[in-house]
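Participant: Can you read through this structure? Questions will come right after.
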Amino acid sequence: MPYLMPEAGPQRVLAASNFVYTLGSGLYLTAGVLYFTEGVHLPASQVGLGLGIAGIVSLALGIAVGHLADRHGARGVYTITLVVQALATAGFVLADSFWPFLLAVCAATGAKAAGLAARSPLIRHYGGDRPQEFRAYLRAVTNVGVSFGALLAGWAVQADTLMAYRLLVAGNALAFAASAAILICLPPVAPGPAVHGPR
């Protein structure tokens, strides 16, 4: 029978951190846009524009932070991206107009992309002889976490009140912070050697 949880050790820590993180992601993916359009009452055009700009920012940050993770240690860099994402997400409750919204969503989306880049060396390092199998396992954990998060977010959508959406945002931020805290149990990965030449 396929194992449902890795053996105690780094793989289990990464899987637990990933589950908590994706639980928060499921909350946001389900009702994040509704929070800004229905709760904060930002025009849908502004929300779309802000998310588009954030997507461009995240592309650049993902490459830069991936390089930092290789050079300065992936666990520390990954943890920092989760903390930034938690703080930026918590800042959503202060985003009552376009510019604060743009700042918060760029920080959150950029930190998310940076975190994915910083996590890759950890998966390679702790994936054992078959890192792709461990990556596939984490993908399954992601699907479960997002599904549970979406179920929880359904309550906020059903209530359709500003307070309900704010509780959803708070839960999202707490999940990211908890995901970062779990990584304290993960042994650090030594930085890689400097590679000269074009990135």
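We label chains A, B, ... in the order they appear in the structure tokens, count residues from 1 in each chain, and number ligands from 1 in the order shown.
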For Leu82 (chain A), find every residue with an atom within 8 Å (counting only C-alpha atoms), except residues of its own chain fewer than 6 positions away, and show them as a ChimeraX atom specification.
Facilitator: /A:111-112,115,176-177,179-180
Participant: For the residues in the current selection, export all heavy atoms as a short mmCIF file (atom, residue, chain, number, x, y, z; two decimals), in the first residue's frame.
Facilitator:
data_model
loop_
_atom_site.label_atom_id
_atom_site.label_comp_id
_atom_site.auth_asym_id
_atom_site.auth_seq_id
_atom_site.Cartn_x
_atom_site.Cartn_y
_atom_site.Cartn_z
N ALA A 111 6.58 36.97 -3.01
CA ALA A 111 7.12 36.06 -1.99
C ALA A 111 6.74 34.62 -2.30
O ALA A 111 7.51 33.69 -2.05
CB ALA A 111 6.61 36.47 -0.62
N LYS A 112 5.54 34.42 -2.85
CA LYS A 112 5.11 33.07 -3.20
C LYS A 112 6.02 32.48 -4.29
O LYS A 112 6.50 31.35 -4.17
CB LYS A 112 3.67 33.08 -3.68
CG LYS A 112 3.17 31.71 -4.12
CD LYS A 112 1.72 31.76 -4.58
CE LYS A 112 1.25 30.38 -5.02
NZ LYS A 112 -0.17 30.38 -5.44
N GLY A 115 9.38 31.78 -2.88
CA GLY A 115 9.37 30.60 -2.04
C GLY A 115 9.43 29.31 -2.83
O GLY A 115 10.12 28.36 -2.45
N PHE A 176 0.49 30.64 6.65
CA PHE A 176 1.82 30.88 6.11
C PHE A 176 2.85 31.00 7.24
O PHE A 176 3.97 30.49 7.14
CB PHE A 176 1.83 32.15 5.26
CG PHE A 176 1.01 32.03 4.00
CD1 PHE A 176 0.53 33.17 3.36
CD2 PHE A 176 0.71 30.80 3.45
CE1 PHE A 176 -0.21 33.07 2.20
CE2 PHE A 176 -0.05 30.69 2.29
CZ PHE A 176 -0.52 31.82 1.66
N ALA A 177 2.47 31.68 8.32
CA ALA A 177 3.39 31.82 9.45
C ALA A 177 3.66 30.47 10.11
O ALA A 177 4.81 30.16 10.48
CB ALA A 177 2.80 32.79 10.48
N SER A 179 3.52 27.58 8.64
CA SER A 179 4.36 26.82 7.70
C SER A 179 5.83 27.18 7.89
O SER A 179 6.71 26.31 7.87
CB SER A 179 3.91 27.11 6.27
OG SER A 179 4.72 26.42 5.34
N ALA A 180 6.10 28.47 8.09
CA ALA A 180 7.48 28.91 8.33
C ALA A 180 8.00 28.36 9.66
O ALA A 180 9.16 27.94 9.75
CB ALA A 180 7.55 30.44 8.33
#
Participant: Give me, as a list in words, all polymer residues having an atom no more than 10 Å from Ala108 (chain A), counting only C-alpha atoms and skipping those fewer than 3 positions away in the same chain.
Facilitator: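 Here the answer would be Ala54, Ser58, Thr81, Leu82, Val83, Val84, Gln85, Ala86, Leu87, Ala88, Thr89, Ala90, Gly91, Phe92, Leu102, Leu103, Ala104, Val105, Ala111, Lys112, Ala113 and Ala114 of chain A.
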Participant: Show me a table, sorted first by chain and then by increasing residue number, of the residues of region 138-186 of chain A having an atom at most 10 Å from region 4-14 of chain A, each with its shortest atom pair and the distance in Å to one decimal, counting only C-alpha atoms and written as a Markdown table.
Facilitator:
| residue | atom | partner | partner_atom | distance |
| --- | --- | --- | --- | --- |
| A:Leu138 | CA | A:Leu14 | CA | 8.4 |
| A:Val141 | CA | A:Leu4 | CA | 9.5 |
| A:Ser179 | CA | A:Leu14 | CA | 9.1 |
| A:Ile182 | CA | A:Val13 | CA | 6.8 |
| A:Leu183 | CA | A:Val13 | CA | 6.7 |
| A:Ile184 | CA | A:Val13 | CA | 9.0 |
| A:Cys185 | CA | A:Val13 | CA | 6.8 |
| A:Leu186 | CA | A:Pro10 | CA | 5.6 |
Participant: Contacts of Gly26 (chain A) at 7 Å or less, counting only C-alpha atoms, minus same-chain residues fewer than 5 places along, as a PyMOL selection string?
Facilitator: chain A and resi 145-150
Participant: How would the residues just picked look written out with N, CA and C atoms as a PDB file, in the first residue's frame?
Facilitator:
ATOM      1  N   GLY A 145      -4.280  19.816   0.602  1.00  0.00           N
ATOM      2  CA  GLY A 145      -4.312  21.051   1.387  1.00  0.00           C
ATOM      3  C   GLY A 145      -5.190  22.111   0.758  1.00  0.00           C
ATOM      4  N   VAL A 146      -5.055  22.302  -0.535  1.00  0.00           N
ATOM      5  CA  VAL A 146      -5.868  23.306  -1.223  1.00  0.00           C
ATOM      6  C   VAL A 146      -7.348  22.934  -1.162  1.00  0.00           C
ATOM      7  N   SER A 147      -7.641  21.650  -1.270  1.00  0.00           N
ATOM      8  CA  SER A 147      -9.043  21.209  -1.212  1.00  0.00           C
ATOM      9  C   SER A 147      -9.660  21.509   0.154  1.00  0.00           C
ATOM     10  N   PHE A 148      -8.941  21.210   1.226  1.00  0.00           N
ATOM     11  CA  PHE A 148      -9.440  21.515   2.567  1.00  0.00           C
ATOM     12  C   PHE A 148      -9.585  23.020   2.763  1.00  0.00           C
ATOM     13  N   GLY A 149      -8.598  23.778   2.265  1.00  0.00           N
ATOM     14  CA  GLY A 149      -8.689  25.230   2.371  1.00  0.00           C
ATOM     15  C   GLY A 149      -9.895  25.781   1.631  1.00  0.00           C
ATOM     16  N   ALA A 150     -10.176  25.217   0.469  1.00  0.00           N
ATOM     17  CA  ALA A 150     -11.333  25.667  -0.309  1.00  0.00           C
ATOM     18  C   ALA A 150     -12.643  25.375   0.427  1.00  0.00           C
TER      19      ALA A 150
END
Participant: Would you work out the distance separating CA of Gly73 (chain A) from CA of Ala140 (chain A), expressed in Å to one decimal?
Facilitator: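 Taking CA of Gly73 (chain A) and CA of Ala140 (chain A), their separation equals 25.9 Å.
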Participant: With only C-alpha atoms as the basis for distance, which of A:Ala16, A:Pro121, A:Trp155, A:Leu174 is at the shortest distance from His72 (chain A)?
Facilitator: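 Distance minimum relative to His72 (chain A) lands on A:Pro121.
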Participant: Enumerate as number ranges by chain all residues of chain A assigned to helix (DSSP H, G or I) by DSSP on the backbone, naming them with the chain letters and numbers the document uses.
Facilitator: A: 10-39, 44-72, 74-94, 98-126, 131-159, 162-185
Participant: What does the distance from CA of Ile80 (chain A) to CA of Cys106 (chain A) come to in Å, to one decimal?
Facilitator: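 We find that CA of Ile80 (chain A) and CA of Cys106 (chain A) lie 15.9 Å from each other.
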Participant: Phe19 (chain A): which residues within 8 Å, counting only C-alpha atoms, same-chain residues fewer than 2 positions away excluded, as a PDB file with N, CA and C atoms, in the first residue's frame?
Facilitator:
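Final output, around_20.pdb:
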ATOM      1  N   ALA A  15       6.813  17.984   4.207  1.00  0.00           N
ATOM      2  CA  ALA A  15       5.435  17.653   3.845  1.00  0.00           C
ATOM      3  C   ALA A  15       4.454  18.365   4.770  1.00  0.00           C
ATOM      4  N   ALA A  16       4.756  18.406   6.080  1.00  0.00           N
ATOM      5  CA  ALA A  16       3.867  19.075   7.031  1.00  0.00           C
ATOM      6  C   ALA A  16       3.805  20.571   6.755  1.00  0.00           C
ATOM      7  N   SER A  17       4.962  21.171   6.501  1.00  0.00           N
ATOM      8  CA  SER A  17       5.007  22.598   6.180  1.00  0.00           C
ATOM      9  C   SER A  17       4.217  22.884   4.908  1.00  0.00           C
ATOM     10  N   TYR A  21       0.839  25.196   4.497  1.00  0.00           N
ATOM     11  CA  TYR A  21       0.926  26.301   3.540  1.00  0.00           C
ATOM     12  C   TYR A  21      -0.209  26.237   2.518  1.00  0.00           C
ATOM     13  N   THR A  22      -0.430  25.052   1.963  1.00  0.00           N
ATOM     14  CA  THR A  22      -1.447  24.938   0.914  1.00  0.00           C
ATOM     15  C   THR A  22      -2.857  25.025   1.484  1.00  0.00           C
ATOM     16  N   LEU A  23      -3.018  24.729   2.772  1.00  0.00           N
ATOM     17  CA  LEU A  23      -4.300  24.967   3.417  1.00  0.00           C
ATOM     18  C   LEU A  23      -4.639  26.455   3.340  1.00  0.00           C
ATOM     19  N   VAL A 141       0.124  16.247  -1.675  1.00  0.00           N
ATOM     20  CA  VAL A 141      -0.162  16.954  -0.428  1.00  0.00           C
ATOM     21  C   VAL A 141      -0.755  18.329  -0.725  1.00  0.00           C
ATOM     22  N   THR A 142      -0.221  18.987  -1.753  1.00  0.00           N
ATOM     23  CA  THR A 142      -0.737  20.297  -2.163  1.00  0.00           C
ATOM     24  C   THR A 142      -2.207  20.205  -2.554  1.00  0.00           C
ATOM     25  N   VAL A 144      -4.442  18.053  -1.594  1.00  0.00           N
ATOM     26  CA  VAL A 144      -5.268  17.817  -0.403  1.00  0.00           C
ATOM     27  C   VAL A 144      -5.406  19.107   0.407  1.00  0.00           C
ATOM     28  N   GLY A 145      -4.280  19.816   0.602  1.00  0.00           N
ATOM     29  CA  GLY A 145      -4.312  21.051   1.387  1.00  0.00           C
ATOM     30  C   GLY A 145      -5.190  22.111   0.758  1.00  0.00           C
TER      31      GLY A 145
END
